[in-house]
$ cat my_file_38.pdb   # PDB, C-alpha atoms and all ligand atoms
MODEL        1
ATOM      1  CA  MET D   1       0.000   0.000   0.000  1.00  0.00           C
ATOM      2  CA  ALA D   2       1.090   3.548  -0.536  1.00  0.00           C
ATOM      3  CA  LEU D   3       0.072   7.035   0.427  1.00  0.00           C
ATOM      4  CA  LEU D   4      -1.171   9.325  -2.305  1.00  0.00           C
ATOM      5  CA  GLU D   5      -0.963  13.095  -2.514  1.00  0.00           C
ATOM      6  CA  ILE D   6      -4.286  14.751  -1.731  1.00  0.00           C
ATOM      7  CA  LYS D   7      -5.135  17.399  -4.300  1.00  0.00           C
ATOM      8  CA  LYS D   8      -6.094  20.781  -2.936  1.00  0.00           C
ATOM      9  CA  PHE D   9      -8.551  23.350  -4.226  1.00  0.00           C
ATOM     10  CA  GLY D  10      -6.961  24.875  -7.338  1.00  0.00           C
ATOM     11  CA  CYS D  11      -5.714  21.554  -8.719  1.00  0.00           C
ATOM     12  CA  PRO D  12      -7.557  21.071 -12.050  1.00  0.00           C
ATOM     13  CA  THR D  13      -8.231  17.362 -11.383  1.00  0.00           C
ATOM     14  CA  LEU D  14     -10.783  18.305  -8.736  1.00  0.00           C
ATOM     15  CA  ARG D  15     -12.925  19.881 -11.458  1.00  0.00           C
ATOM     16  CA  LYS D  16     -12.877  16.858 -13.778  1.00  0.00           C
ATOM     17  CA  LYS D  17     -15.933  14.694 -14.173  1.00  0.00           C
ATOM     18  CA  ALA D  18     -15.134  11.060 -13.466  1.00  0.00           C
ATOM     19  CA  THR D  19     -15.310   8.359 -16.138  1.00  0.00           C
ATOM     20  CA  PRO D  20     -16.861   4.982 -15.288  1.00  0.00           C
ATOM     21  CA  VAL D  21     -14.527   2.123 -14.398  1.00  0.00           C
ATOM     22  CA  GLN D  22     -14.714  -0.452 -17.214  1.00  0.00           C
ATOM     23  CA  ASP D  23     -13.247  -3.391 -15.341  1.00  0.00           C
ATOM     24  CA  VAL D  24     -12.515  -3.906 -11.681  1.00  0.00           C
ATOM     25  CA  THR D  25      -8.910  -5.026 -12.139  1.00  0.00           C
ATOM     26  CA  ASP D  26      -6.061  -5.539  -9.673  1.00  0.00           C
ATOM     27  CA  GLU D  27      -4.936  -1.978 -10.488  1.00  0.00           C
ATOM     28  CA  VAL D  28      -8.347  -0.657  -9.433  1.00  0.00           C
ATOM     29  CA  ARG D  29      -8.184  -2.722  -6.226  1.00  0.00           C
ATOM     30  CA  GLN D  30      -4.707  -1.361  -5.544  1.00  0.00           C
ATOM     31  CA  LEU D  31      -5.974   2.188  -6.004  1.00  0.00           C
ATOM     32  CA  VAL D  32      -8.863   1.488  -3.623  1.00  0.00           C
ATOM     33  CA  ALA D  33      -6.402   0.156  -1.005  1.00  0.00           C
ATOM     34  CA  ASP D  34      -4.134   3.193  -1.433  1.00  0.00           C
ATOM     35  CA  MET D  35      -7.116   5.538  -1.179  1.00  0.00           C
ATOM     36  CA  PHE D  36      -8.214   3.903   2.090  1.00  0.00           C
ATOM     37  CA  GLU D  37      -4.704   4.275   3.488  1.00  0.00           C
ATOM     38  CA  THR D  38      -4.485   7.909   2.352  1.00  0.00           C
ATOM     39  CA  MET D  39      -7.914   8.688   3.840  1.00  0.00           C
ATOM     40  CA  TYR D  40      -7.015   7.140   7.210  1.00  0.00           C
ATOM     41  CA  GLU D  41      -3.696   8.996   7.327  1.00  0.00           C
ATOM     42  CA  ALA D  42      -5.526  12.290   6.659  1.00  0.00           C
ATOM     43  CA  GLU D  43      -8.230  11.368   9.202  1.00  0.00           C
ATOM     44  CA  GLY D  44     -11.005  11.757   6.659  1.00  0.00           C
ATOM     45  CA  VAL D  45     -14.208   9.713   6.442  1.00  0.00           C
ATOM     46  CA  GLY D  46     -14.404   9.642   2.646  1.00  0.00           C
ATOM     47  CA  LEU D  47     -12.181  10.128  -0.374  1.00  0.00           C
ATOM     48  CA  ALA D  48     -12.976  10.360  -4.091  1.00  0.00           C
ATOM     49  CA  ALA D  49     -10.580   9.427  -6.894  1.00  0.00           C
ATOM     50  CA  GLN D  50     -10.279  13.065  -8.068  1.00  0.00           C
ATOM     51  CA  GLN D  51      -8.840  13.985  -4.700  1.00  0.00           C
ATOM     52  CA  VAL D  52      -5.808  11.841  -5.437  1.00  0.00           C
ATOM     53  CA  GLY D  53      -5.429  12.853  -9.081  1.00  0.00           C
ATOM     54  CA  PHE D  54      -7.383  10.014 -10.626  1.00  0.00           C
ATOM     55  CA  THR D  55     -10.454  10.410 -12.820  1.00  0.00           C
ATOM     56  CA  GLU D  56     -12.112   7.006 -12.546  1.00  0.00           C
ATOM     57  CA  ARG D  57     -15.558   6.921 -10.956  1.00  0.00           C
ATOM     58  CA  LEU D  58     -14.812   5.491  -7.528  1.00  0.00           C
ATOM     59  CA  LEU D  59     -14.758   6.520  -3.916  1.00  0.00           C
ATOM     60  CA  VAL D  60     -14.016   5.081  -0.503  1.00  0.00           C
ATOM     61  CA  LEU D  61     -15.963   5.686   2.679  1.00  0.00           C
ATOM     62  CA  ASP D  62     -15.391   4.845   6.334  1.00  0.00           C
ATOM     63  CA  VAL D  63     -17.508   6.816   8.762  1.00  0.00           C
ATOM     64  CA  ARG D  64     -16.747   4.607  11.784  1.00  0.00           C
ATOM     65  CA  PRO D  65     -15.246   7.551  13.714  1.00  0.00           C
ATOM     66  CA  ARG D  66     -18.745   9.102  13.640  1.00  0.00           C
ATOM     67  CA  ASP D  67     -20.857   5.943  13.360  1.00  0.00           C
ATOM     68  CA  PRO D  68     -19.194   2.916  14.999  1.00  0.00           C
ATOM     69  CA  MET D  69     -21.785   0.487  13.563  1.00  0.00           C
ATOM     70  CA  SER D  70     -20.864   1.247   9.954  1.00  0.00           C
ATOM     71  CA  GLU D  71     -18.209  -0.500   7.874  1.00  0.00           C
ATOM     72  CA  PRO D  72     -15.551   0.654   5.408  1.00  0.00           C
ATOM     73  CA  LEU D  73     -16.845   0.503   1.833  1.00  0.00           C
ATOM     74  CA  ALA D  74     -15.578   1.149  -1.674  1.00  0.00           C
ATOM     75  CA  PHE D  75     -18.120   2.354  -4.247  1.00  0.00           C
ATOM     76  CA  ILE D  76     -17.122   1.863  -7.872  1.00  0.00           C
ATOM     77  CA  ASN D  77     -19.341   3.594 -10.474  1.00  0.00           C
ATOM     78  CA  PRO D  78     -21.817   4.688  -7.785  1.00  0.00           C
ATOM     79  CA  GLU D  79     -25.250   5.945  -8.811  1.00  0.00           C
ATOM     80  CA  ILE D  80     -27.879   7.357  -6.526  1.00  0.00           C
ATOM     81  CA  LEU D  81     -31.205   5.641  -7.214  1.00  0.00           C
ATOM     82  CA  TRP D  82     -33.404   7.749  -4.972  1.00  0.00           C
ATOM     83  CA  THR D  83     -33.176  10.227  -2.136  1.00  0.00           C
ATOM     84  CA  GLU D  84     -35.512  11.208   0.658  1.00  0.00           C
ATOM     85  CA  GLY D  85     -35.801  13.968   3.224  1.00  0.00           C
ATOM     86  CA  GLU D  86     -33.451  16.831   3.790  1.00  0.00           C
ATOM     87  CA  CYS D  87     -30.838  17.737   6.356  1.00  0.00           C
ATOM     88  CA  VAL D  88     -28.383  20.544   6.875  1.00  0.00           C
ATOM     89  CA  GLY D  89     -25.043  19.889   8.510  1.00  0.00           C
ATOM     90  CA  GLU D  90     -21.529  21.216   8.663  1.00  0.00           C
ATOM     91  CA  GLU D  91     -19.067  19.680   6.199  1.00  0.00           C
ATOM     92  CA  GLY D  92     -15.369  19.950   5.632  1.00  0.00           C
ATOM     93  CA  CYS D  93     -13.175  18.537   2.870  1.00  0.00           C
ATOM     94  CA  LEU D  94      -9.636  17.149   2.718  1.00  0.00           C
ATOM     95  CA  SER D  95      -9.142  19.188  -0.455  1.00  0.00           C
ATOM     96  CA  LEU D  96     -10.221  22.402   1.289  1.00  0.00           C
ATOM     97  CA  PRO D  97      -8.282  22.374   4.576  1.00  0.00           C
ATOM     98  CA  GLU D  98      -9.718  24.495   7.378  1.00  0.00           C
ATOM     99  CA  ILE D  99     -12.880  25.326   5.460  1.00  0.00           C
ATOM    100  CA  VAL D 100     -16.190  24.210   6.914  1.00  0.00           C
ATOM    101  CA  GLY D 101     -19.722  25.257   6.198  1.00  0.00           C
ATOM    102  CA  ASP D 102     -23.323  24.161   6.187  1.00  0.00           C
ATOM    103  CA  VAL D 103     -24.462  21.994   3.314  1.00  0.00           C
ATOM    104  CA  LYS D 104     -28.061  20.970   2.670  1.00  0.00           C
ATOM    105  CA  ARG D 105     -28.521  17.464   1.271  1.00  0.00           C
ATOM    106  CA  PRO D 106     -31.119  14.707   1.148  1.00  0.00           C
ATOM    107  CA  ALA D 107     -31.131  12.827   4.465  1.00  0.00           C
ATOM    108  CA  GLN D 108     -31.375   9.327   2.998  1.00  0.00           C
ATOM    109  CA  VAL D 109     -30.046   7.867  -0.244  1.00  0.00           C
ATOM    110  CA  GLN D 110     -30.283   4.573  -2.048  1.00  0.00           C
ATOM    111  CA  VAL D 111     -27.079   3.855  -3.965  1.00  0.00           C
ATOM    112  CA  ARG D 112     -26.060   1.213  -6.473  1.00  0.00           C
ATOM    113  CA  ALA D 113     -22.374   0.522  -7.137  1.00  0.00           C
ATOM    114  CA  LEU D 114     -19.800  -2.176  -7.801  1.00  0.00           C
ATOM    115  CA  ASN D 115     -17.664  -3.469  -4.957  1.00  0.00           C
ATOM    116  CA  GLU D 116     -13.970  -4.367  -5.146  1.00  0.00           C
ATOM    117  CA  ASN D 117     -14.874  -7.777  -6.610  1.00  0.00           C
ATOM    118  CA  GLY D 118     -16.807  -6.165  -9.425  1.00  0.00           C
ATOM    119  CA  SER D 119     -20.230  -7.283  -8.099  1.00  0.00           C
ATOM    120  CA  VAL D 120     -23.205  -4.956  -8.029  1.00  0.00           C
ATOM    121  CA  PHE D 121     -24.640  -4.019  -4.644  1.00  0.00           C
ATOM    122  CA  GLU D 122     -27.355  -1.670  -3.499  1.00  0.00           C
ATOM    123  CA  MET D 123     -27.720  -0.060  -0.110  1.00  0.00           C
ATOM    124  CA  THR D 124     -29.641   2.600   1.744  1.00  0.00           C
ATOM    125  CA  LEU D 125     -27.616   5.079   3.732  1.00  0.00           C
ATOM    126  CA  ASP D 126     -28.617   7.766   6.168  1.00  0.00           C
ATOM    127  CA  GLY D 127     -26.973  10.004   8.758  1.00  0.00           C
ATOM    128  CA  ILE D 128     -23.280  10.716   8.381  1.00  0.00           C
ATOM    129  CA  ALA D 129     -22.815   7.914   5.806  1.00  0.00           C
ATOM    130  CA  ALA D 130     -25.449   9.435   3.470  1.00  0.00           C
ATOM    131  CA  LYS D 131     -23.889  12.846   3.852  1.00  0.00           C
ATOM    132  CA  ALA D 132     -20.334  11.612   3.229  1.00  0.00           C
ATOM    133  CA  LEU D 133     -21.380   9.509   0.232  1.00  0.00           C
ATOM    134  CA  GLN D 134     -23.108  12.484  -1.400  1.00  0.00           C
ATOM    135  CA  HIS D 135     -20.093  14.678  -0.673  1.00  0.00           C
ATOM    136  CA  GLU D 136     -17.825  12.157  -2.433  1.00  0.00           C
ATOM    137  CA  ILE D 137     -20.216  11.700  -5.367  1.00  0.00           C
ATOM    138  CA  ASP D 138     -20.110  15.487  -5.771  1.00  0.00           C
ATOM    139  CA  HIS D 139     -16.319  15.144  -6.145  1.00  0.00           C
ATOM    140  CA  LEU D 140     -16.859  12.555  -8.892  1.00  0.00           C
ATOM    141  CA  ASN D 141     -18.909  15.209 -10.691  1.00  0.00           C
ATOM    142  CA  GLY D 142     -16.265  17.895 -10.152  1.00  0.00           C
ATOM    143  CA  VAL D 143     -18.344  19.658  -7.481  1.00  0.00           C
ATOM    144  CA  LEU D 144     -16.951  20.983  -4.185  1.00  0.00           C
ATOM    145  CA  ILE D 145     -18.704  21.971  -0.935  1.00  0.00           C
ATOM    146  CA  ILE D 146     -18.114  25.664  -1.595  1.00  0.00           C
ATOM    147  CA  GLU D 147     -20.676  25.405  -4.409  1.00  0.00           C
ATOM    148  CA  HIS D 148     -23.239  24.477  -1.760  1.00  0.00           C
ATOM    149  CA  PHE D 149     -22.393  27.479   0.436  1.00  0.00           C
ATOM    150  CA  ASN D 150     -24.455  30.621   0.137  1.00  0.00           C
ATOM    151  CA  ALA D 151     -23.039  33.777  -1.476  1.00  0.00           C
ATOM    152  CA  ILE D 152     -22.309  35.486   1.861  1.00  0.00           C
ATOM    153  CA  LYS D 153     -20.305  32.528   3.104  1.00  0.00           C
ATOM    154  CA  ARG D 154     -18.397  32.258  -0.181  1.00  0.00           C
ATOM    155  CA  ASN D 155     -17.553  35.948   0.001  1.00  0.00           C
ATOM    156  CA  LEU D 156     -16.226  35.554   3.523  1.00  0.00           C
ATOM    157  CA  LEU D 157     -13.987  32.722   2.369  1.00  0.00           C
ATOM    158  CA  ARG D 158     -12.625  34.529  -0.669  1.00  0.00           C
ATOM    159  CA  GLY D 159      -9.182  35.324   0.780  1.00  0.00           C
ATOM    160  CA  GLN D 160      -8.731  31.848   2.217  1.00  0.00           C
ATOM    161  CA  LEU D 161      -9.769  30.211  -1.053  1.00  0.00           C
ATOM    162  CA  ARG D 162      -7.386  32.335  -3.063  1.00  0.00           C
ATOM    163  CA  LYS D 163      -4.531  31.240  -0.817  1.00  0.00           C
ATOM    164  CA  LEU D 164      -5.494  27.582  -1.124  1.00  0.00           C
ATOM    165  CA  GLN D 165      -5.830  27.905  -4.867  1.00  0.00           C
ATOM    166  CA  ARG D 166      -2.234  29.092  -5.220  1.00  0.00           C
ATOM    167  CA  GLU D 167      -1.075  25.964  -3.392  1.00  0.00           C
ATOM    168  CA  GLY D 168      -3.368  23.644  -5.363  1.00  0.00           C
ATOM    169  CA  LYS D 169      -2.285  25.034  -8.730  1.00  0.00           C
ATOM    170  CA  LYS D 170       1.283  23.992  -7.967  1.00  0.00           C
ATOM    171  CA  GLN D 171       0.310  20.344  -7.546  1.00  0.00           C
ATOM    172  CA  ALA D 172       0.789  17.888 -10.377  1.00  0.00           C
ATOM    173  CA  PRO D 173      -2.670  16.956 -11.703  1.00  0.00           C
ATOM    174  CA  GLY D 174      -2.043  13.187 -11.832  1.00  0.00           C
ATOM    175  CA  LEU D 175      -1.500  10.379  -9.359  1.00  0.00           C
ATOM    176  CA  THR D 176       1.478  11.105  -7.093  1.00  0.00           C
ATOM    177  CA  TYR D 177       2.801   8.843  -4.367  1.00  0.00           C
ATOM    178  CA  VAL D 178       4.116  10.526  -1.264  1.00  0.00           C
TER
HETATM  179 ZN    ZN D 201     -14.257  16.559  -0.127  1.00  0.00          ZN
ENDMDL
END
$ encode --input "my_file_38.pdb" --output "C-alpha cells"
Amino acid sequence: MALLEIKKFGCPTLRKKATPVQDVTDEVRQLVADMFETMYEAEGVGLAAQQVGFTERLLVLDVRPRDPMSEPLAFINPEILWTEGECVGEEGCLSLPEIVGDVKRPAQVQVRALNENGSVFEMTLDGIAAKALQHEIDHLNGVLIIEHFNAIKRNLLRGQLRKLQREGKKQAPGLTYV
C-alpha cells in the first residue's frame, strides 16, 4: 500500500468529471487500497478518486469515527437511485483544509455501485454515511462543498480560497505517491 498526494482546491483534477470504471482489475483494487490508506492517514471519512489525481468513478468511505456500527466501503461507479428527506449539517473537505460550512442534502439515499470484486450491490444510507457519500459523489462530478455554500459565506472565504488555490495550482494533476 502507498500514500497518495491529496489534491487541494486549485488543482484542475478536482474539477474533472469522473469516467466509469470499465473493469474492476487488480490496479483498481490497488488504487482502492491506497485511497483507504491515504484517507485514514488524513483522518477523513471519505475520499474520491479526483482527490488523489485520478479520474475514474470510484470513492471510498469509512464513517466509523462518527458511526461505529458502519463499515468501510468502496463504491465503484456509484449511482444514486433515490433520495428522501433533507438535512443541513456542517461539512469539511480534505481538499479544502480548514474550510467548513453548512451543506443541505437529502437525508437518505439509495445507492447502487460495484464493490472491489466487481459485483453490483445496493444499499440505503442515512446520517453521516449518506452525507459523506453524497459529498464524495459530488467530487466525482467535479463539485466541491463551496458550491453548496451561500453567497455570503463564499464571500467571507474569498481570501482563504485564493490562498489555497495558489497551493493547489502547484500540484501535479495526476496520481502522485508521497
Ligand atoms: Zn471533499
$ residues_near_ligand --input "my_file_38.pdb" --ligand "ligand ZN 201 (chain D)" --cutoff "6 Å" --atoms "all atoms listed in the file" --output "ChimeraX atom specification"
/D:93-95
$ closest_residue --input "my_file_38.pdb" --among "D:Leu144, D:Pro173, D:Leu3, D:Glu116" --to "Thr25 (chain D)" --atoms "all atoms listed in the file"
D:Glu116
$ resolve_selection --input "my_file_38.pdb" --expression "the PyMOL selection byres (((chain D and resi 101-114) around 6) and not hetatm)" --output "ChimeraX atom specification"
/D:75-91,100,115,118-126,130,148
$ atom_distance --input "my_file_38.pdb" --atom1 "CA of Arg66 (chain D)" --atom2 "CA of Ala2 (chain D)"
25.0 Å
$ closest_atom_pairs --input "my_file_38.pdb" --of "region 47-142 of chain D" --to "region 11-14 of chain D" --cutoff "10 Å" --atoms "only C-alpha atoms" --output "CSV"
residue,atom,partner,partner_atom,distance
D:Ala48,CA,D:Leu14,CA,9.5
D:Ala49,CA,D:Leu14,CA,9.1
D:Gln50,CA,D:Leu14,CA,5.3
D:Gln51,CA,D:Leu14,CA,6.2
D:Val52,CA,D:Thr13,CA,8.5
D:Gly53,CA,D:Thr13,CA,5.8
D:Phe54,CA,D:Thr13,CA,7.4
D:Thr55,CA,D:Thr13,CA,7.4
D:Ser95,CA,D:Leu14,CA,8.5
D:His139,CA,D:Leu14,CA,6.9
D:Leu140,CA,D:Leu14,CA,8.4
D:Asn141,CA,D:Leu14,CA,8.9
D:Gly142,CA,D:Leu14,CA,5.7
$ residues_around --input "my_file_38.pdb" --residues "region 38-40 of chain D" --least-positions-apart "4" --cutoff "8 Å" --atoms "all atoms listed in the file" --output "PyMOL selection string"
chain D and resi 2-6+34+44-47
$ closest_residue --input "my_file_38.pdb" --among "D:Lys16, D:Arg57, D:Lys7, D:His135" --to "Leu31 (chain D)" --atoms "all atoms listed in the file"
D:Arg57
$ resolve_selection --input "my_file_38.pdb" --expression "the PyMOL selection byres (((chain D and resi 21) around 8) and not hetatm)" --output "PyMOL selection string"
chain D and resi 19-20+22-24+56-58+76-77
$ write_last_selection --input "my_file_38.pdb" --atoms "C-alpha atoms" --output "mmCIF file, in the frame of the given file"
data_model
loop_
_atom_site.group_PDB
_atom_site.id
_atom_site.type_symbol
_atom_site.label_atom_id
_atom_site.label_comp_id
_atom_site.auth_asym_id
_atom_site.auth_seq_id
_atom_site.Cartn_x
_atom_site.Cartn_y
_atom_site.Cartn_z
ATOM 1 C CA THR D 19 -15.310 8.359 -16.138
ATOM 2 C CA PRO D 20 -16.861 4.982 -15.288
ATOM 3 C CA GLN D 22 -14.714 -0.452 -17.214
ATOM 4 C CA ASP D 23 -13.247 -3.391 -15.341
ATOM 5 C CA VAL D 24 -12.515 -3.906 -11.681
ATOM 6 C CA GLU D 56 -12.112 7.006 -12.546
ATOM 7 C CA ARG D 57 -15.558 6.921 -10.956
ATOM 8 C CA LEU D 58 -14.812 5.491 -7.528
ATOM 9 C CA ILE D 76 -17.122 1.863 -7.872
ATOM 10 C CA ASN D 77 -19.341 3.594 -10.474
#
$ closest_residue --input "my_file_38.pdb" --among "D:Asp26, D:Tyr177, D:Leu61, D:Arg166" --to "Gln134 (chain D)" --atoms "all atoms listed in the file"
D:Leu61
$ atom_distance --input "my_file_38.pdb" --atom1 "CA of Val28 (chain D)" --atom2 "CA of Ile137 (chain D)"
17.6 Å
$ residues_around --input "my_file_38.pdb" --residues "Gln160 (chain D)" --least-positions-apart "5" --cutoff "10 Å" --atoms "only C-alpha atoms" --output "mmCIF file with C-alpha atoms, keeping the file's coordinate frame"
data_model
loop_
_atom_site.group_PDB
_atom_site.id
_atom_site.type_symbol
_atom_site.label_atom_id
_atom_site.label_comp_id
_atom_site.auth_asym_id
_atom_site.auth_seq_id
_atom_site.Cartn_x
_atom_site.Cartn_y
_atom_site.Cartn_z
ATOM 1 C CA LEU D 96 -10.221 22.402 1.289
ATOM 2 C CA PRO D 97 -8.282 22.374 4.576
ATOM 3 C CA GLU D 98 -9.718 24.495 7.378
ATOM 4 C CA ILE D 99 -12.880 25.326 5.460
ATOM 5 C CA ARG D 154 -18.397 32.258 -0.181
ATOM 6 C CA ASN D 155 -17.553 35.948 0.001
ATOM 7 C CA GLN D 165 -5.830 27.905 -4.867
#
$ closest_residue --input "my_file_38.pdb" --among "D:Glu71, D:Leu59, D:Glu37, D:Gly159" --to "Leu133 (chain D)" --atoms "all atoms listed in the file"
D:Leu59
$ atom_distance --input "my_file_38.pdb" --atom1 "CA of Asn117 (chain D)" --atom2 "CA of Val60 (chain D)"
14.3 Å
